[in-house]
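J.: Before we start, here is the structure in question, set down as structure tokens.
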Amino acid sequence: MGEVSIRPAEQADLAALAEVLGDQGFFEDRFTRQAKGLGVLFAAWCSARPVGDVYLWLEDAEEPPIRGHLPGVPLLTHLEVAPEARNRGIGAALVRAVEAYLVGHGHALGALAVRTDNTRAARLYRRLGYHDWGHGTVVCYAERVSPDGRTTSEAERCHVLVKRLPDDRPAPLAGRTRGER
């Protein structure tokens with residue numbers, strides 16, 4: 001596998017993302033939300049082939065407990081890496097790209113939900129500095145598309161993890177008082 005690059009995805013990427021990662025309806029929805037400023041879809045690329053994605057949800061959380069305890073906190077959602085590209089640091093690189101975006105846009109906190117049975121993903125997130133939010137598990141809903149095209153909502157029990165992001169604002173100069181230059 002060659003060099004991997006990560007960037008916000010564009011509408012022109014839809015066919016490639018859907019072909020490699022599946023679920024065209026998901027990507028169509030995320031591009032619609034992105035066009036409205038409600039989130040950002042990041043994609044990892046190796047040459048001209050997508051190998052992973054993560055969506056940064058900038059809307060209020062859909063789950064009432066998350067919305068109540070973390071109002072306005074952006075959520076990392078739908079992290080996925082193509083099977084042939086796993087265990088090469090692409091998932092971690094996608095998370096770091098989202099974090100850099102958040103810091104650059106003035107956010108101090110990021111959060112995500114991970115299924116309680118997805119121990120591999122939880123281990124990755126903890127290694128990247130995410131920790132339990134302290135308010136118990138939450139029922140999240142995943143949309144599943146059946147072979148006939150119908151969408152159903154499936155309940156999943158999830159851990160919510162949070163991470164305080166670094167503050168990239170310059171520190172005040174020591175020893176100066178207001179009005180001094």
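Convention: chains lettered A, B, ... in structure tokens order; per-chain residue numbering from 1; ligands numbered from 1 as shown.
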Do you know which residues are at most 12 Å from Ala35 in chain A counting only C-alpha atoms, after dropping those on the same chain fewer than 6 positions away, and could you put them as a list in words?
T.: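 Near neighbours after the sequence-gap exclusion: Pro8, Ala9, Glu10, Gln11, Glu28, Asp29 and Leu41 of chain A.
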J.: Show me, as a PDB file with C-alpha atoms, in the first residue's frame, the residues that have an atom within 9 Å of His107 in chain A when counting only C-alpha atoms, minus same-chain residues fewer than 5 positions from it.
T.:
ATOM      1  CA  VAL A  73     -19.940  19.118  21.136  1.00  0.00           C
ATOM      2  CA  PRO A  74     -18.975  17.758  17.689  1.00  0.00           C
ATOM      3  CA  GLU A  99      -9.189  16.574  15.715  1.00  0.00           C
ATOM      4  CA  TYR A 101      -9.961  20.344  12.009  1.00  0.00           C
ATOM      5  CA  LEU A 102     -11.798  20.807  15.318  1.00  0.00           C
ATOM      6  CA  LEU A 165      -8.531  19.011  22.513  1.00  0.00           C
ATOM      7  CA  PRO A 166      -5.438  21.187  22.689  1.00  0.00           C
ATOM      8  CA  ASP A 167      -5.966  24.918  22.630  1.00  0.00           C
TER       9      ASP A 167
END
J.: From the set A:Ala18, A:Gly52, A:Glu143, A:Ala111, which residue has the shortest atom-to-atom contact distance to Gly72 in chain A, counting only C-alpha atoms?
T.: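 Among the listed residues, the smallest separation from Gly72 in chain A belongs to A:Ala111.
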J.: Just asking: which residues within chain A are helix (DSSP H, G or I) according to DSSP, as a PyMOL selection string?
T.: chain A and resi 11-21+24-35+64-69+83-85+90-104+119-127
J.: Using only C-alpha atoms, which of A:Gly129, A:Pro83, A:Gly25, A:Gly89 sits nearest Gly110 in chain A?
T.: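 Nearest to Gly110 in chain A: A:Gly129.
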J.: What is the distance between CA of Arg33 in chain A and CA of Val54 in chain A, in Å to one decimal?
T.: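 Rounded to one decimal, the two atoms are 13.8 Å apart.
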J.: With only C-alpha atoms as the counted atoms, please give the residues lying no more than 10 Å from Ala122 in chain A, apart from itself and same-chain residues fewer than 4 positions off, as an mmCIF file with all heavy atoms, in the first residue's frame.
T.:
data_model
loop_
_atom_site.group_PDB
_atom_site.id
_atom_site.type_symbol
_atom_site.label_atom_id
_atom_site.label_comp_id
_atom_site.auth_asym_id
_atom_site.auth_seq_id
_atom_site.Cartn_x
_atom_site.Cartn_y
_atom_site.Cartn_z
ATOM 1 N N ALA A 113 -19.340 7.898 20.041
ATOM 2 C CA ALA A 113 -20.009 6.763 20.670
ATOM 3 C C ALA A 113 -19.489 5.508 19.986
ATOM 4 O O ALA A 113 -19.326 5.477 18.764
ATOM 5 C CB ALA A 113 -21.523 6.874 20.518
ATOM 6 N N VAL A 114 -19.221 4.489 20.777
ATOM 7 C CA VAL A 114 -18.727 3.228 20.247
ATOM 8 C C VAL A 114 -19.541 2.098 20.877
ATOM 9 O O VAL A 114 -19.806 2.115 22.082
ATOM 10 C CB VAL A 114 -17.205 3.068 20.499
ATOM 11 C CG1 VAL A 114 -16.862 3.095 21.972
ATOM 12 C CG2 VAL A 114 -16.660 1.819 19.830
ATOM 13 N N ARG A 115 -19.980 1.155 20.042
ATOM 14 C CA ARG A 115 -20.775 0.033 20.550
ATOM 15 C C ARG A 115 -20.040 -0.671 21.691
ATOM 16 O O ARG A 115 -18.815 -0.828 21.643
ATOM 17 C CB ARG A 115 -21.064 -0.978 19.438
ATOM 18 C CG ARG A 115 -22.123 -0.560 18.477
ATOM 19 C CD ARG A 115 -22.560 -1.698 17.531
ATOM 20 N NE ARG A 115 -21.591 -2.768 17.393
ATOM 21 C CZ ARG A 115 -20.784 -2.930 16.337
ATOM 22 N NH1 ARG A 115 -20.825 -2.083 15.338
ATOM 23 N NH2 ARG A 115 -19.948 -3.945 16.301
ATOM 24 N N THR A 116 -20.765 -1.101 22.671
ATOM 25 C CA THR A 116 -20.154 -1.759 23.822
ATOM 26 C C THR A 116 -19.445 -3.049 23.437
ATOM 27 O O THR A 116 -18.521 -3.468 24.130
ATOM 28 C CB THR A 116 -21.200 -2.057 24.916
ATOM 29 O OG1 THR A 116 -22.265 -2.835 24.350
ATOM 30 C CG2 THR A 116 -21.756 -0.762 25.509
ATOM 31 N N ASP A 117 -19.836 -3.666 22.335
ATOM 32 C CA ASP A 117 -19.185 -4.916 21.906
ATOM 33 C C ASP A 117 -18.042 -4.679 20.906
ATOM 34 O O ASP A 117 -17.408 -5.624 20.456
ATOM 35 C CB ASP A 117 -20.206 -5.891 21.314
ATOM 36 C CG ASP A 117 -20.858 -5.388 20.031
ATOM 37 O OD1 ASP A 117 -20.734 -4.177 19.715
ATOM 38 O OD2 ASP A 117 -21.511 -6.198 19.355
ATOM 39 N N ASN A 118 -17.743 -3.433 20.610
ATOM 40 C CA ASN A 118 -16.675 -3.124 19.651
ATOM 41 C C ASN A 118 -15.396 -2.770 20.425
ATOM 42 O O ASN A 118 -14.959 -1.617 20.458
ATOM 43 C CB ASN A 118 -17.103 -1.986 18.723
ATOM 44 C CG ASN A 118 -16.191 -1.830 17.531
ATOM 45 O OD1 ASN A 118 -15.095 -2.401 17.480
ATOM 46 N ND2 ASN A 118 -16.627 -1.044 16.565
ATOM 47 N N ARG A 126 -9.266 4.910 23.035
ATOM 48 C CA ARG A 126 -8.594 5.145 24.329
ATOM 49 C C ARG A 126 -7.111 5.429 24.113
ATOM 50 O O ARG A 126 -6.533 6.290 24.767
ATOM 51 C CB ARG A 126 -8.842 3.979 25.264
ATOM 52 C CG ARG A 126 -10.274 3.994 25.802
ATOM 53 C CD ARG A 126 -10.510 3.040 26.952
ATOM 54 N NE ARG A 126 -11.825 3.271 27.514
ATOM 55 C CZ ARG A 126 -12.932 2.624 27.140
ATOM 56 N NH1 ARG A 126 -12.879 1.687 26.212
ATOM 57 N NH2 ARG A 126 -14.086 2.904 27.707
ATOM 58 N N ARG A 127 -6.505 4.703 23.197
ATOM 59 C CA ARG A 127 -5.098 4.952 22.883
ATOM 60 C C ARG A 127 -4.892 6.372 22.343
ATOM 61 O O ARG A 127 -3.842 6.979 22.543
ATOM 62 C CB ARG A 127 -4.613 3.907 21.875
ATOM 63 C CG ARG A 127 -3.097 3.848 21.740
ATOM 64 C CD ARG A 127 -2.621 2.715 20.854
ATOM 65 N NE ARG A 127 -2.909 2.985 19.465
ATOM 66 C CZ ARG A 127 -3.676 2.248 18.681
ATOM 67 N NH1 ARG A 127 -4.238 1.145 19.121
ATOM 68 N NH2 ARG A 127 -3.882 2.571 17.422
ATOM 69 N N LEU A 128 -5.907 6.918 21.687
ATOM 70 C CA LEU A 128 -5.831 8.268 21.124
ATOM 71 C C LEU A 128 -6.247 9.349 22.129
ATOM 72 O O LEU A 128 -6.326 10.522 21.774
ATOM 73 C CB LEU A 128 -6.689 8.361 19.860
ATOM 74 C CG LEU A 128 -6.201 7.517 18.681
ATOM 75 C CD1 LEU A 128 -7.216 7.537 17.543
ATOM 76 C CD2 LEU A 128 -4.839 7.995 18.205
ATOM 77 N N TYR A 130 -9.152 9.333 24.250
ATOM 78 C CA TYR A 130 -10.568 9.448 24.592
ATOM 79 C C TYR A 130 -10.831 8.665 25.876
ATOM 80 O O TYR A 130 -10.225 7.628 26.116
ATOM 81 C CB TYR A 130 -11.445 8.922 23.450
ATOM 82 C CG TYR A 130 -11.437 9.864 22.278
ATOM 83 C CD1 TYR A 130 -10.391 9.842 21.358
ATOM 84 C CD2 TYR A 130 -12.445 10.800 22.099
ATOM 85 C CE1 TYR A 130 -10.351 10.734 20.292
ATOM 86 C CE2 TYR A 130 -12.413 11.694 21.046
ATOM 87 C CZ TYR A 130 -11.360 11.651 20.153
ATOM 88 O OH TYR A 130 -11.328 12.532 19.111
ATOM 89 N N HIS A 131 -11.736 9.179 26.701
ATOM 90 C CA HIS A 131 -12.078 8.500 27.949
ATOM 91 C C HIS A 131 -13.590 8.557 28.166
ATOM 92 O O HIS A 131 -14.294 9.376 27.568
ATOM 93 C CB HIS A 131 -11.324 9.133 29.127
ATOM 94 C CG HIS A 131 -11.687 10.564 29.354
ATOM 95 N ND1 HIS A 131 -11.099 11.595 28.670
ATOM 96 C CD2 HIS A 131 -12.602 11.140 30.172
ATOM 97 C CE1 HIS A 131 -11.631 12.741 29.049
ATOM 98 N NE2 HIS A 131 -12.536 12.495 29.957
ATOM 99 N N HIS A 159 -20.894 3.087 24.467
ATOM 100 C CA HIS A 159 -20.120 3.898 25.402
ATOM 101 C C HIS A 159 -19.913 5.249 24.722
ATOM 102 O O HIS A 159 -19.671 5.303 23.515
ATOM 103 C CB HIS A 159 -18.738 3.297 25.658
ATOM 104 C CG HIS A 159 -18.753 1.977 26.337
ATOM 105 N ND1 HIS A 159 -19.127 1.813 27.656
ATOM 106 C CD2 HIS A 159 -18.425 0.743 25.892
ATOM 107 C CE1 HIS A 159 -19.031 0.546 27.985
ATOM 108 N NE2 HIS A 159 -18.610 -0.131 26.930
ATOM 109 N N VAL A 160 -19.970 6.325 25.488
ATOM 110 C CA VAL A 160 -19.659 7.645 24.958
ATOM 111 C C VAL A 160 -18.285 8.019 25.501
ATOM 112 O O VAL A 160 -18.037 7.918 26.701
ATOM 113 C CB VAL A 160 -20.719 8.691 25.349
ATOM 114 C CG1 VAL A 160 -20.331 10.076 24.848
ATOM 115 C CG2 VAL A 160 -22.084 8.282 24.804
ATOM 116 N N LEU A 161 -17.406 8.418 24.603
ATOM 117 C CA LEU A 161 -16.043 8.789 24.959
ATOM 118 C C LEU A 161 -15.805 10.239 24.559
ATOM 119 O O LEU A 161 -16.312 10.688 23.529
ATOM 120 C CB LEU A 161 -15.037 7.871 24.257
ATOM 121 C CG LEU A 161 -15.227 6.363 24.467
ATOM 122 C CD1 LEU A 161 -14.218 5.590 23.636
ATOM 123 C CD2 LEU A 161 -15.129 5.996 25.929
#
J.: So what do you get for CA of Arg123 in chain A versus CA of Ala48 in chain A, distance-wise?
T.: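 These atoms are spaced 29.7 Å apart.
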J.: Which distance in Å separates CA of Gly106 in chain A and CA of Asp60 in chain A, to one decimal?
T.: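 Answer for the CA of Gly106 in chain A to CA of Asp60 in chain A separation: 16.9 Å.
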J.: Residues of range 10-147 of chain A classed as strand (DSSP E or B) by DSSP on the backbone are to be reported as a ChimeraX atom specification.
T.: /A:39-46,49-57,75-81,109-115,131-132,138-145
J.: Nearest to Pro50 in chain A: which of A:Thr152, A:Ser5, A:Asn87, A:Gln24 is it, counting only C-alpha atoms?
T.: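 Of all the options, A:Ser5 lies closest to Pro50 in chain A.
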J.: Calculated over only C-alpha atoms, which of the candidates A:Leu109, A:Ala15, A:Ala44, A:Ala100 has the smallest distance to Ala82 in chain A?
T.: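 Nearest candidate to Ala82 in chain A out of A:Leu109, A:Ala15, A:Ala44, A:Ala100: A:Ala44.
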J.: Point out the residue among A:Leu79, A:Val138, A:Lys163, A:Ala61 with the least atom-to-atom distance to Leu21 in chain A, counting only C-alpha atoms.
T.: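 Once distances to Leu21 in chain A are computed over only C-alpha atoms, the minimum belongs to A:Leu79.
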